[in-house]
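This report concerns only the one structure given below.
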Amino acid sequence: MGQFERVCYDCGAQQKDRGYTEFCDTCGDGLIGYQYPKANLDNIRSKNANIPHFFQLHRVLPFDTDFESDKNSFDPKLDPVGVIEAEALEQELFPNGEAKIHLADSTRRGGTNSLKDPDAIVILYRLHELGAQGFALASTGDCGASMCYIGSQLGMDIHLFVPEDCYDRWLPLENEIREAGLIDDKKIHIYKQGENMHDAYEIARKFGEENGLPHDFFFNNQLRIEGSKTIHIEVMEHLGRSPDVYVQALGSGTGLFAMHKACDDLGLPMPQLVGVQPEGCSPMARAAQGKPLQEKADTYVMGIGLPQLGPCFKYLKALGTKFLSVHEGGKAAEKGGIEEAIGVLRDAGIPNPGLEASLTVKGVRKIAPEIRDKAEKEGRTLAVVLGITGALREGDRQSLRN
């Protein structure tokens, strides 16, 4: 049995159930996290070269498999996270050396080349350990692709519900992963249902409940955080410490919260978290400013096109997260800014950055004066990490061309 406990973030209660449940079994609606014996950067990774790269971090992952002695036939075949220094952007924003900008590149790791592959590995491998035969979820893109890919490797039935307002975006991605041989047609079941992501999520939840299948909880599914945190751990292995500032596009909030979790697991200082949303769909940035939420998403960046305020907001706010909105003016005005920011990342060495990545460039530009001030006060060069969470998809290219 793995050395982890499930503990409620809200009331602190240790959970009696080590399985897959959404809320705390004591207070009823608390967020459940995972706790492990404390580790550090020196001992976090197994030295056993026979263990797949991803599972070498098993000491802080919620699995019962004994990877050191059990022969595990599942290898997700993920390469290490790439870390690239964005020298031109550094010179633009920090000409006096106040900060180094590091790009955490999830776009060239193999698999589906997105941040969501580690999430899918942890969710589905843990459910597989628990005896689940399938999984139900809703997605507009990368998450769905990752679940289909990992589910196919594990022989699990994946029931994916794609909302109507993003189906044109999804189809080219589906074709891409099918043509690459990443999915098993007999195990993958895709449905076009629900007007928007909120509707599709509720349909997936109902489908799971009616068919006795586990279904996704988005941010409340803390197995997601356990997957995403592996990216941050690899970045910190590269840096030798935690960053001072972490900037990422903000949708469900799992990526930002995962940085907090990675630092907590390793006993390292948490960076300033910066969550960036397009102005045309910026529920958390608007809530932080006391503004009313939008009814519909008005943005090209539909991978995070969720106008509803998710449950992550209160947790990220409690961690002191800065919520920013960029690409002002909505879809009608943001195209040029997106293309310029993607160009900056390409010039830095990332050949195919996705739309969400453009938000990080705009976000770090917006917060640069605060970073310069902090560096001057502390008399040192700060480490700033931008989360480049996925590759540009054909559906997004088509959207930008139209």
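We name chains A, B, ... following the order of the structure tokens; residues begin at 1 in each chain, and ligands are numbered from 1 as shown.
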
query = Looking only at the backbone, which of the residues in stretch 59-231 of chain A does DSSP tag as strand (DSSP E), as JSON, numbers by chain?
reply = {"A": [82, 83, 84, 85, 99, 100, 101, 102, 103, 104, 105, 134, 135, 136, 137, 138, 157, 158, 159, 160, 161, 162, 188, 189, 190, 191, 192]}

Residues near A:Gln56, anyone? I mean within 8 Å using only C-alpha atoms, not counting same-chain ones fewer than 5 positions away, as a PDB file with C-alpha atoms, in the first residue's frame.
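Done, and the output landed in selection.pdb:
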ATOM      1  CA  ARG A  45      13.385  10.849  -7.719  1.00  0.00           C
ATOM      2  CA  SER A  46      14.105   7.135  -7.656  1.00  0.00           C
ATOM      3  CA  LYS A  47      17.558   6.169  -8.882  1.00  0.00           C
ATOM      4  CA  ASN A  48      16.167   2.943 -10.372  1.00  0.00           C
ATOM      5  CA  ILE A  51      11.322   2.599 -13.605  1.00  0.00           C
TER       6      ILE A  51
END

Write out as JSON lines the residues of stretch 295-377 of chain A that have any atom within 9 Å of an atom of stretch 72-88 of chain A, one row each with the nearest atom pair and its distance in Å to one decimal, counting only C-alpha atoms, sorted by chain and then rising number.
{"residue": "A:Val344", "atom": "CA", "partner": "A:Ala88", "partner_atom": "CA", "distance": 8.2}
{"residue": "A:Leu345", "atom": "CA", "partner": "A:Ala86", "partner_atom": "CA", "distance": 7.8}
{"residue": "A:Asp347", "atom": "CA", "partner": "A:Ala88", "partner_atom": "CA", "distance": 8.3}
{"residue": "A:Ala348", "atom": "CA", "partner": "A:Ala86", "partner_atom": "CA", "distance": 5.2}
{"residue": "A:Gly349", "atom": "CA", "partner": "A:Ile84", "partner_atom": "CA", "distance": 7.3}
{"residue": "A:Ile350", "atom": "CA", "partner": "A:Ile84", "partner_atom": "CA", "distance": 8.4}

message = So that I can check the surroundings of stretch 148-151 of chain A, please list as a PyMOL selection string every protein, DNA and RNA residue that reaches within 8 Å of it, counting only C-alpha atoms and ignoring chain neighbours fewer than 4 positions away.
response = chain A and resi 76+111-112+117+120-121+124+134+144+155-158+177+182-183+187-188

Go ahead and write the selection's residues with C-alpha atoms as a compact mmCIF listing (two decimals), in the first residue's frame.
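New file selection-v2.txt:
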# COMPACT_ATOMS: atom_id res chain seq x y z
CA PRO A 76 3.40 6.32 -20.34
CA GLY A 111 2.01 11.52 -25.93
CA THR A 112 -0.43 14.28 -26.83
CA ASP A 117 -0.96 13.98 -20.02
CA ALA A 120 -4.50 11.66 -17.10
CA ILE A 121 -1.73 9.28 -16.03
CA LEU A 124 -6.48 6.75 -14.70
CA GLY A 134 -13.80 3.16 -17.36
CA GLY A 144 -10.03 14.77 -23.49
CA GLY A 155 -7.48 -0.76 -21.58
CA MET A 156 -10.11 1.44 -19.94
CA ASP A 157 -13.34 2.62 -21.57
CA ILE A 158 -13.28 6.41 -21.84
CA ILE A 177 -4.59 11.49 -32.19
CA LEU A 182 -2.66 7.03 -29.88
CA ILE A 183 -6.13 5.66 -29.15
CA LYS A 187 -12.26 1.73 -25.91
CA ILE A 188 -12.91 5.37 -26.78

Nearest candidate to A:Arg372 (options A:Glu98, A:Glu195, A:Asp66, A:Glu356; using only C-alpha atoms) = A:Glu98

inquiry  = When you look at A:Gly363 with a cut-off of 10 Å (counting only C-alpha atoms), what residues show up, excluding the ones that are within fewer than 3 positions of it in the same chain? I need them as a list in words.
reply    = Val247, Gln248, Ala249, Val274, Gly275, Val276, Gln277, Pro278, Phe323, Leu324, Ser325, Val326, His327, Ala357, Ser358, Leu359, Thr360, Lys366, Ile367, Ala368 and Leu386 of chain A

Output for the residues just chosen: N, CA and C atoms as a short mmCIF file (atom, residue, chain, number, x, y, z; two decimals), in the first residue's frame:
data_model
loop_
_atom_site.label_atom_id
_atom_site.label_comp_id
_atom_site.auth_asym_id
_atom_site.auth_seq_id
_atom_site.Cartn_x
_atom_site.Cartn_y
_atom_site.Cartn_z
N VAL A 247 3.81 31.91 -13.57
CA VAL A 247 2.74 32.50 -14.38
C VAL A 247 2.15 31.42 -15.28
N GLN A 248 0.82 31.29 -15.26
CA GLN A 248 0.17 30.30 -16.12
C GLN A 248 -1.22 30.78 -16.51
N ALA A 249 -1.65 30.37 -17.70
CA ALA A 249 -3.04 30.60 -18.10
C ALA A 249 -3.95 29.88 -17.12
N VAL A 274 0.61 33.59 -10.37
CA VAL A 274 -0.04 34.57 -11.24
C VAL A 274 -0.91 33.80 -12.24
N GLY A 275 -2.21 33.98 -12.14
CA GLY A 275 -3.14 33.33 -13.05
C GLY A 275 -3.65 34.32 -14.07
N VAL A 276 -3.55 33.97 -15.36
CA VAL A 276 -3.87 34.90 -16.44
C VAL A 276 -5.03 34.37 -17.27
N GLN A 277 -6.00 35.23 -17.51
CA GLN A 277 -7.17 34.87 -18.32
C GLN A 277 -7.38 35.91 -19.41
N PRO A 278 -7.96 35.50 -20.56
CA PRO A 278 -8.30 36.49 -21.58
C PRO A 278 -9.47 37.34 -21.09
N PHE A 323 -4.59 37.61 -9.95
CA PHE A 323 -5.44 37.27 -11.08
C PHE A 323 -5.40 38.41 -12.10
N LEU A 324 -4.95 38.11 -13.32
CA LEU A 324 -4.82 39.12 -14.35
C LEU A 324 -5.71 38.80 -15.54
N SER A 325 -6.17 39.83 -16.24
CA SER A 325 -6.83 39.64 -17.53
C SER A 325 -6.02 40.37 -18.59
N VAL A 326 -5.87 39.74 -19.75
CA VAL A 326 -5.09 40.31 -20.85
C VAL A 326 -5.88 40.11 -22.15
N HIS A 327 -5.26 40.48 -23.26
CA HIS A 327 -5.94 40.43 -24.56
C HIS A 327 -7.26 41.20 -24.47
N ALA A 357 -0.62 29.65 -24.00
CA ALA A 357 0.74 30.13 -23.73
C ALA A 357 0.88 31.62 -24.01
N SER A 358 0.10 32.13 -24.97
CA SER A 358 0.18 33.57 -25.28
C SER A 358 -0.20 34.41 -24.07
N LEU A 359 -1.07 33.88 -23.22
CA LEU A 359 -1.48 34.63 -22.03
C LEU A 359 -0.33 34.82 -21.06
N THR A 360 0.59 33.85 -21.00
CA THR A 360 1.69 33.98 -20.05
C THR A 360 2.63 35.10 -20.45
N LYS A 366 2.71 42.34 -17.91
CA LYS A 366 1.86 43.17 -17.05
C LYS A 366 2.40 43.26 -15.63
N ILE A 367 3.00 42.19 -15.16
CA ILE A 367 3.47 42.14 -13.78
C ILE A 367 4.96 42.47 -13.66
N ALA A 368 5.62 42.73 -14.78
CA ALA A 368 7.07 42.98 -14.77
C ALA A 368 7.49 44.11 -13.82
N LEU A 386 7.27 30.57 -16.69
CA LEU A 386 6.02 30.63 -17.44
C LEU A 386 5.61 29.21 -17.81
#

ask   = With only C-alpha atoms as the basis for distance, which of A:Glu226, A:Glu90, A:Ile203, A:Leu268 is at the shortest distance from A:Leu103?
value = A:Glu90

query = Looking at only C-alpha atoms, which of A:Gln91, A:Thr389, A:Gln308, A:Ser228 is the one that sits closest to A:Ser282?
reply =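 Smallest distance to A:Ser282 is found for A:Gln308.
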
ask   = So how many Å separate atom CA of A:Pro118 and atom CA of A:Lys229, to one decimal?
value = 8.6 Å

inquiry  = Excluding A:Cys263 and its own-chain neighbours fewer than 3 positions away, which residues fall within 10 Å of it when counting only C-alpha atoms? Please give them as a ChimeraX atom specification.
reply    = /A:40,229,232-233,236,241-243,258-260,266-271

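In this comparison, which uses only C-alpha atoms, the residue of A:Phe313, A:Tyr125, A:Phe63, A:Phe55 approaching A:Leu256 most closely is A:Phe313.
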